[in-house]
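Shown next, in structure tokens, is the structure this report addresses.
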Number of protein chains: 4
Amino acid sequence: MGEDIETQLSSLTDLAMEAKDLVIERTGGEISGIIVDEEKKAEAEITRVDIKNEAAGAKLGKKPGNYITIQSDFFRQSDKQIHEKLSGVIAEEIKAIINFEPKNNPDNDKTILVIGLGNWNATPDALGPEVIHHLLVTRHLYDSAPIENRAGMRSVAALSPGVLGLTGIETAEIIKGVVEKISPDLIIAVDALAANDSKKLAATVQISDTGIYPGSGVGKQRTGITEEDMGVPVLAVGIPTVINSVHLIDETVKHLAQENNLLQKSERFNEIEYQKLINDTLAPFSGDLVVTPKGIDKLIKDTSKIVAGGINIALHPDIKVEDVSLYLQ
Amino acid sequence: MGEDIETQLSSLTDLAMEAKDLVIERTGGEISGIIVDEEKKAEAEITRVDIKNEAAGAKLGKKPGNYITIQSDFFRQSDKQIHEKLSGVIAEEIKAIINFEPKNNPDNDKTILVIGLGNWNATPDALGPEVIHHLLVTRHLYDSAPIENRAGMRSVAALSPGVLGLTGIETAEIIKGVVEKISPDLIIAVDALAANDSKKLAATVQISDTGIYPGSGVGKQRTGITEEDMGVPVLAVGIPTVINSVHLIDETVKHLAQENNLLQKSERFNEIEYQKLINDTLAPFSGDLVVTPKGIDKLIKDTSKIVAGGINIALHPDIKVEDVSLYLQ
Amino acid sequence: MGEDIETQLSSLTDLAMEAKDLVIERTGGEISGIIVDEEKKAEAEITRVDIKNEAAGAKLGKKPGNYITIQSDFFRQSDKQIHEKLSGVIAEEIKAIINFEPKNNPDNDKTILVIGLGNWNATPDALGPEVIHHLLVTRHLYDSAPIENRAGMRSVAALSPGVLGLTGIETAEIIKGVVEKISPDLIIAVDALAANDSKKLAATVQISDTGIYPGSGVGKQRTGITEEDMGVPVLAVGIPTVINSVHLIDETVKHLAQENNLLQKSERFNEIEYQKLINDTLAPFSGDLVVTPKGIDKLIKDTSKIVAGGINIALHPDIKVEDVSLYLQ
Amino acid sequence: MGEDIETQLSSLTDLAMEAKDLVIERTGGEISGIIVDEEKKAEAEITRVDIKNEAAGAKLGKKPGNYITIQSDFFRQSDKQIHEKLSGVIAEEIKAIINFEPKNNPDNDKTILVIGLGNWNATPDALGPEVIHHLLVTRHLYDSAPIENRAGMRSVAALSPGVLGLTGIETAEIIKGVVEKISPDLIIAVDALAANDSKKLAATVQISDTGIYPGSGVGKQRTGITEEDMGVPVLAVGIPTVINSVHLIDETVKHLAQENNLLQKSERFNEIEYQKLINDTLAPFSGDLVVTPKGIDKLIKDTSKIVAGGINIALHPDIKVEDVSLYLQ
């Protein structure tokens, strides 16, 4: 396989952690300009990938910035008590990135706009709107709240803008318009992501300070929900819910090559043949076929609550991990 | 009853036609500055109320401008063939107001933003979002469409912004933000309305060039979706789906007064007593109780299709009345 | 007003407690065959009406049996911690009625079928389906669960059968068919109710061992979800979400009569005049107009969680009041 | 690859037509006991597979009976006028199978129960409930309809029973219970199917007189919605919306083997290695990962209307192809 296909394939994942692993797998060593930190907690493993510069980012097909991955099989289990703890882990990582000062001045504080990206009509793409559904929204109550209450809460607005096919408007246009009206101090953009590895489906949260391009992981490139475009810091929070089917084919090819000593043969398996394989197998959808778990509705429901809980804890000082279920809408 | 209560009561209807009738009923004659025109068609009766100036508007509690009411019991019947014709009637009235030139220049034409006001979670308030659900949205396809097709369609975007309680953001803020990004030539704002007369529930469409205040008919006054606020002409299209319960009480009081010769007695029925009656009967909700038909889900479903069809025909030259069902999403 | 209208009006409420009050108001004293017990708890007032026989039931327009009303303004407030306690209160009353033996034999235990009556498309009527949405359903997991777990849970199935207009099938037919297949030991039927008093809207839970007639409170009489019809004990759990608009008119008439010394005059206000008043005010819907709070979506969401929590606690020994939010789906 | 894997793979498709092709591909010739008929229409190609006996069925992993496949890329295009024609094609095939006598006796006619199988919360599995959503339901109106109207319509009931995970009750139990109550003359069961070939996704309707096993194509075997189990003829109507991801891997393996002359090598690629490939690539979901188009929401929406229209035309003599959009709910 040529480099071009490799590059194309590495763009199939939204996870910086996977992109990094792909590069390491290919080049066999460290990547300069990328710092990786791993931490093991009781409920989850945390991987922090810090892409220091554009050059390093180019290798991974990701923008420079911090990418934090929280991984745990508990996301996919039905144990709600551990789900609360996972919300706590997510909240810790969000708090560390946004680094808000303590809320000792109730009059003069941050407004946060949480955006639920994705299509509420297509379950695997509905994570963003579902998180908004469960989120505690306070901005409209904030000014009328007694001053002593305001210390325990922050002003949170929320919007699920819908997708281009439903509105005829680019998602980023809608968000930019709203941002200019309500001037938030921070945007948190929640979206369903694409991964390369099925083990990560509905078992991983990626938090990043680089913003997000709606639908980027699945091939579309549009205006970004980024600090550059929005004029406001953007935190992207996502959970992989699909694998691009092209990746599944690629994985199979790789597996066969390794297992059956076909590595040498693969020289003959060139780009044209590769494209033919993809066309034959995926026509007429090509890259527009995604792989998703049958029980995706339950997974979206559970993980959207975990993420909404994590955001609630991170933003509102009064919400404690052990009470997080109480505040889910 | 004092004048104050009368004024309060006339504000319970969103229909200019009803506000006009209330004033005539009370004053017993013509109202200067208001021109009324009535037309009878096979499927519907059309009443056009033209409020010429602020003074006349003040009497009706409505902004100066044109208010067109299309009334027909067929809205509430299940005959889909007549529903198509009602879409045609609505389209004629919209076209007459917006007065777009023929689409002979496919390159340089209007963009229309259709807004679905109201709360998709509360059926009687869900008309706006339901109309958006059935509407043909084309803006994202427009530029890539072949030039010969563009003559038959216009560029239509659509948004259901949700309500303050869900987003923490005033509806008008969201819309204004989007308007500044996509610069439409016209806004059409669709909303569920309040009427005074149950005969008008789900049997009347009001079209107005004065814009709309989200939730105005039921007591809340917020920033408007008006040309003044948006910088773009605004057409408001609404269907009454509720009656304020205060009005129902008032109607009963009036009826008793007339029928039982209690008219003289009513002098003793003063404002304080009136307020007590409302409080006793409606506490703790007071004006926040609405009267709505049990079968409101079916009525919203049917009328939202009729309105979406009417807007589709009015905006897209290629959509004919007899094909309108074909284009409902 | 004649007795006939009184009878008609008392049938407008689904609450035995209100029907009892109406009769006492009219007759001015005790009703033989009806035992009323009242209890005040920190979070709620509980009224237990025991209708001992058919004769007493006929006076109230209710079937003989136990009707328990839990009333609290906290239902309508946003305090989730008190909502948990209300779930606990509901659970206590359910447990007292169903009186299941302790679950010391995990192999041989009860199956409960919870039915969500009502129309998911019409918010004020959607309480039943919403409760099912939040309910913990276990029947399909029960047999495969380890025996030590089974002691803490019971086998619960759930169904929202939809309404006649959507299925073309009487709700009771669907339920009866399913009951004959899965042979539950108990049916719990949840439904939105009609009340006479706005103070009770979304602030009252009625639990009764008499079963329920779908849509009975709002005029329709169909086959019942009753022990007689189903061959299995039926617990009905409901929350009033609407008032029939006829009742609102009646309340206004009564109020005027009392306040303005019109009591004597009311002799002249006969049945025919009364019917004319209703027709004039409510045409063409007549009794098919209901009064409901504007914020019904929020009230349905909150109270459906409280009821689902109450049922969860009552049925599953392992679910404690303080953890109830954790188990809401 | 061993025969066992082949059998396992052929069970991954719900389409008899694909199962037949798989067998022919492997055995290289005709299959005794199977009659195939192909017809080309303007809008679609029709393939009729008649499996004559159990022996032939065993080869295909399908029950004996008639399987009709209507295939057309127009299903996936936005042309509503051709969608109407596709409804007409579907109606013709349904009518040919059910073979109802003309409705000359309005008093004594058939009742049809249409079942929407699948999970309304998971878009790729929501075809059945969506078809029910658009279907014309008449059973509750039938007896009260004037006799002259009854000649043009039939009595149709409809139910979306939900899935085991939501109700705790096997789908077949619910249906069987309802069937015993309302005694329909025919059941039409609509479900989302699994295919092997992406070209068939949302581009193929299979109609079969053999009934259906909920979830069969994706691995689960439960009680059937079949004439045998229900005591009533069952027509199954389905559209493939997913491919099992195991199939995608298999397709890739086959492709590589053919293209790269690895056919001989594949002898070394045994069952154990094959299972390892599947495990490595799909863990922890294994066969519970499905491949589906990104735009599945639009495809489900369009095809569910086409199917509902087809059933409407087939059942109600008064509904003509050119009016079919008019009757979609």
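Residue numbering restarts at 1 for every chain of the structure tokens, chains are lettered A, B, ... in their displayed order, and ligands are numbered from 1 as they appear.
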### Val291 of chain A surroundings by only C-alpha atoms, 6 Å radius, close-in-sequence under 4 positions cut, as a list of chain:residue names
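Non-adjacent residues within range: A:Val242, A:Ile243, A:Ser245, D:Val290, D:Val291.
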### Task
Using DSSP on the backbone, list every residue of segment 103-306 of chain D that comes out as strand (DSSP E), and give them as a VMD selection string.
chain D and resid 111 to 116 155 to 159 186 to 195 204 to 208 234 to 244 289 to 293
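Using only C-alpha atoms, the chain A residues found within 8 Å of chain C amount to Lys80, Gln81, Ser325, Leu326 and Tyr327 of chain A.
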### Atom-to-atom span, atom CA of Val156 of chain B and atom CA of Ile187 of chain B, Å
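Separating atom CA of Val156 of chain B from atom CA of Ile187 of chain B is a distance of 9.9 Å.
Here atom CA of Ile51 of chain D and atom CA of Tyr67 of chain D stand 8.0 Å from one another.
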### Close residues, Ile35 of chain D itself excluded, 12 Å, only C-alpha atoms, min 6 positions apart in chain, as a PyMOL selection string
chain D and resi 16-17+20+47-53+56-57+64-68
### Task
Would you please extract all alpha helix (DSSP H) residues from segment 18-246 of chain A, as assigned by DSSP on the backbone, and give them as a PyMOL selection string?
chain A and resi 18-27+54-60+80-98+127-134+139-142+147-150+164-167+171-182+227-230+245-246
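Within 12 Å of Ala55 of chain D, once only C-alpha atoms are used and residues closer than 5 positions along the same chain are dropped, the contacting residues are Ile31, Ser32, Gly33, Ile34, Leu60, Gly61, Lys62, Lys63 and Pro64 of chain D.
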### Near-Pro129 of chain B list (10 Å; only C-alpha atoms; drop same-chain fewer than 4 positions) as a list in words
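Residues meeting the cut-off are Ile115, Gly116, Leu117, Gly118, Asn119, Trp120, Asn121, Asp125, His133, His134, Leu135, Ala158, Leu159, Ser160, Pro161, Gly162, Val190, Asp191, Ala192 and Ser304 of chain B.
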Taking all heavy atoms for each residue, export the selection above as a compact mmCIF listing (two decimals), in the first residue's frame.
# COMPACT_ATOMS: atom_id res chain seq x y z
N ILE B 115 -38.60 29.81 9.98
CA ILE B 115 -38.33 29.54 11.39
C ILE B 115 -39.53 28.82 12.01
O ILE B 115 -40.67 29.28 11.88
CB ILE B 115 -38.12 30.87 12.15
CG1 ILE B 115 -36.92 31.63 11.59
CG2 ILE B 115 -37.97 30.63 13.64
CD1 ILE B 115 -35.59 31.00 11.91
N GLY B 116 -39.27 27.71 12.67
CA GLY B 116 -40.33 26.99 13.38
C GLY B 116 -40.29 27.34 14.85
O GLY B 116 -39.53 26.73 15.60
N LEU B 117 -41.09 28.32 15.26
CA LEU B 117 -41.12 28.73 16.67
C LEU B 117 -41.89 27.71 17.51
O LEU B 117 -42.70 26.95 16.99
CB LEU B 117 -41.78 30.10 16.79
CG LEU B 117 -41.03 31.24 16.08
CD1 LEU B 117 -41.89 32.49 16.01
CD2 LEU B 117 -39.71 31.54 16.78
N GLY B 118 -41.63 27.73 18.79
CA GLY B 118 -42.40 26.88 19.70
C GLY B 118 -41.63 25.68 20.19
O GLY B 118 -40.48 25.45 19.80
N ASN B 119 -42.30 24.90 21.01
CA ASN B 119 -41.68 23.83 21.79
C ASN B 119 -42.08 22.47 21.24
O ASN B 119 -43.24 22.07 21.35
CB ASN B 119 -42.13 23.98 23.25
CG ASN B 119 -41.47 23.00 24.18
OD1 ASN B 119 -40.79 22.08 23.74
ND2 ASN B 119 -41.67 23.18 25.46
N TRP B 120 -41.12 21.77 20.67
CA TRP B 120 -41.44 20.47 20.07
C TRP B 120 -41.85 19.43 21.10
O TRP B 120 -42.40 18.40 20.77
CB TRP B 120 -40.28 19.96 19.21
CG TRP B 120 -38.95 20.01 19.88
CD1 TRP B 120 -38.49 19.20 20.88
CD2 TRP B 120 -37.88 20.94 19.60
NE1 TRP B 120 -37.22 19.56 21.23
CE2 TRP B 120 -36.82 20.62 20.48
CE3 TRP B 120 -37.73 21.99 18.71
CZ2 TRP B 120 -35.60 21.33 20.48
CZ3 TRP B 120 -36.52 22.69 18.71
CH2 TRP B 120 -35.48 22.36 19.59
N ASN B 121 -41.58 19.69 22.38
CA ASN B 121 -41.96 18.73 23.43
C ASN B 121 -43.39 18.90 23.93
O ASN B 121 -43.88 18.06 24.68
CB ASN B 121 -41.02 18.85 24.63
CG ASN B 121 -39.63 18.32 24.32
OD1 ASN B 121 -39.48 17.41 23.51
ND2 ASN B 121 -38.63 18.89 24.95
N ASP B 125 -47.90 23.36 21.28
CA ASP B 125 -46.96 24.42 20.92
C ASP B 125 -45.99 23.97 19.82
O ASP B 125 -45.03 24.65 19.49
CB ASP B 125 -46.17 24.82 22.18
CG ASP B 125 -45.48 26.17 22.02
OD1 ASP B 125 -45.97 27.00 21.22
OD2 ASP B 125 -44.47 26.41 22.71
N HIS B 133 -40.40 20.30 9.93
CA HIS B 133 -40.20 18.86 9.67
C HIS B 133 -40.70 18.46 8.28
O HIS B 133 -40.10 17.60 7.62
CB HIS B 133 -40.95 18.07 10.75
CG HIS B 133 -40.88 16.59 10.62
ND1 HIS B 133 -39.76 15.88 10.96
CD2 HIS B 133 -41.77 15.68 10.18
CE1 HIS B 133 -39.97 14.59 10.73
NE2 HIS B 133 -41.19 14.45 10.26
N HIS B 134 -41.80 19.07 7.83
CA HIS B 134 -42.39 18.68 6.54
C HIS B 134 -41.93 19.55 5.38
O HIS B 134 -42.27 19.28 4.23
CB HIS B 134 -43.92 18.74 6.63
CG HIS B 134 -44.51 17.75 7.57
ND1 HIS B 134 -44.35 16.39 7.42
CD2 HIS B 134 -45.22 17.90 8.71
CE1 HIS B 134 -44.96 15.76 8.39
NE2 HIS B 134 -45.49 16.64 9.20
N LEU B 135 -41.16 20.60 5.67
CA LEU B 135 -40.81 21.60 4.66
C LEU B 135 -39.69 21.12 3.72
O LEU B 135 -38.80 20.38 4.13
CB LEU B 135 -40.32 22.86 5.40
CG LEU B 135 -40.30 24.15 4.59
CD1 LEU B 135 -41.73 24.66 4.43
CD2 LEU B 135 -39.47 25.20 5.32
N ALA B 158 -34.06 26.43 6.91
CA ALA B 158 -35.08 26.24 7.94
C ALA B 158 -34.44 25.97 9.29
O ALA B 158 -33.40 25.30 9.36
CB ALA B 158 -35.99 25.08 7.56
N LEU B 159 -35.06 26.46 10.33
CA LEU B 159 -34.51 26.27 11.66
C LEU B 159 -35.63 26.24 12.70
O LEU B 159 -36.54 27.06 12.67
CB LEU B 159 -33.55 27.42 12.01
CG LEU B 159 -32.66 27.22 13.21
CD1 LEU B 159 -31.59 26.19 12.93
CD2 LEU B 159 -32.00 28.54 13.62
N SER B 160 -35.54 25.26 13.60
CA SER B 160 -36.41 25.25 14.78
C SER B 160 -35.52 25.55 15.97
O SER B 160 -34.83 24.66 16.48
CB SER B 160 -37.07 23.87 14.94
OG SER B 160 -37.95 23.62 13.90
N PRO B 161 -35.51 26.79 16.44
CA PRO B 161 -34.52 27.17 17.45
C PRO B 161 -34.79 26.63 18.84
O PRO B 161 -33.90 26.70 19.70
CB PRO B 161 -34.59 28.70 17.44
CG PRO B 161 -35.92 29.04 16.89
CD PRO B 161 -36.31 27.93 15.98
N GLY B 162 -35.96 26.07 19.10
CA GLY B 162 -36.28 25.63 20.45
C GLY B 162 -36.73 26.78 21.32
O GLY B 162 -36.78 27.92 20.86
N VAL B 190 -43.13 30.62 11.69
CA VAL B 190 -44.35 29.84 11.90
C VAL B 190 -44.50 29.55 13.39
O VAL B 190 -43.54 29.16 14.05
CB VAL B 190 -44.28 28.51 11.11
CG1 VAL B 190 -45.59 27.75 11.23
CG2 VAL B 190 -43.95 28.77 9.64
N ASP B 191 -45.70 29.74 13.90
CA ASP B 191 -45.90 29.55 15.33
C ASP B 191 -47.33 29.11 15.62
O ASP B 191 -48.25 29.42 14.87
CB ASP B 191 -45.62 30.87 16.08
CG ASP B 191 -45.28 30.65 17.55
OD1 ASP B 191 -45.22 29.49 17.99
OD2 ASP B 191 -45.07 31.65 18.25
N ALA B 192 -47.51 28.40 16.71
CA ALA B 192 -48.84 28.12 17.23
C ALA B 192 -49.37 29.38 17.91
O ALA B 192 -48.62 30.09 18.58
CB ALA B 192 -48.78 26.97 18.22
N SER B 304 -49.96 21.17 10.13
CA SER B 304 -48.56 21.49 9.83
C SER B 304 -48.21 21.07 8.41
O SER B 304 -47.44 21.73 7.72
CB SER B 304 -47.62 20.83 10.85
OG SER B 304 -47.65 19.43 10.73
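Separating atom CA of Thr226 of chain D from atom CA of Ile212 of chain D is a distance of 6.1 Å.
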### Message
as a PyMOL selection string, please: the residues near segment 197-210 of chain D (cut-off 6 Å, only C-alpha atoms, same-chain neighbours under 2 positions excluded).
### Response
(chain A and resi 282) or (chain D and resi 65-73+75+195+235-241)
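Residue nearest Asp14 of chain D within the list D:Ile147, D:Ala194, D:Val232, D:Ala58: D:Ala194 [criterion: smallest interatomic distance, only C-alpha atoms].
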### Task
Write out as number ranges by chain the residues lying within 9 Å of Thr111 of chain A, counting only C-alpha atoms and excluding same-chain residues fewer than 6 positions away.
A: 139, 154-157, 182-187
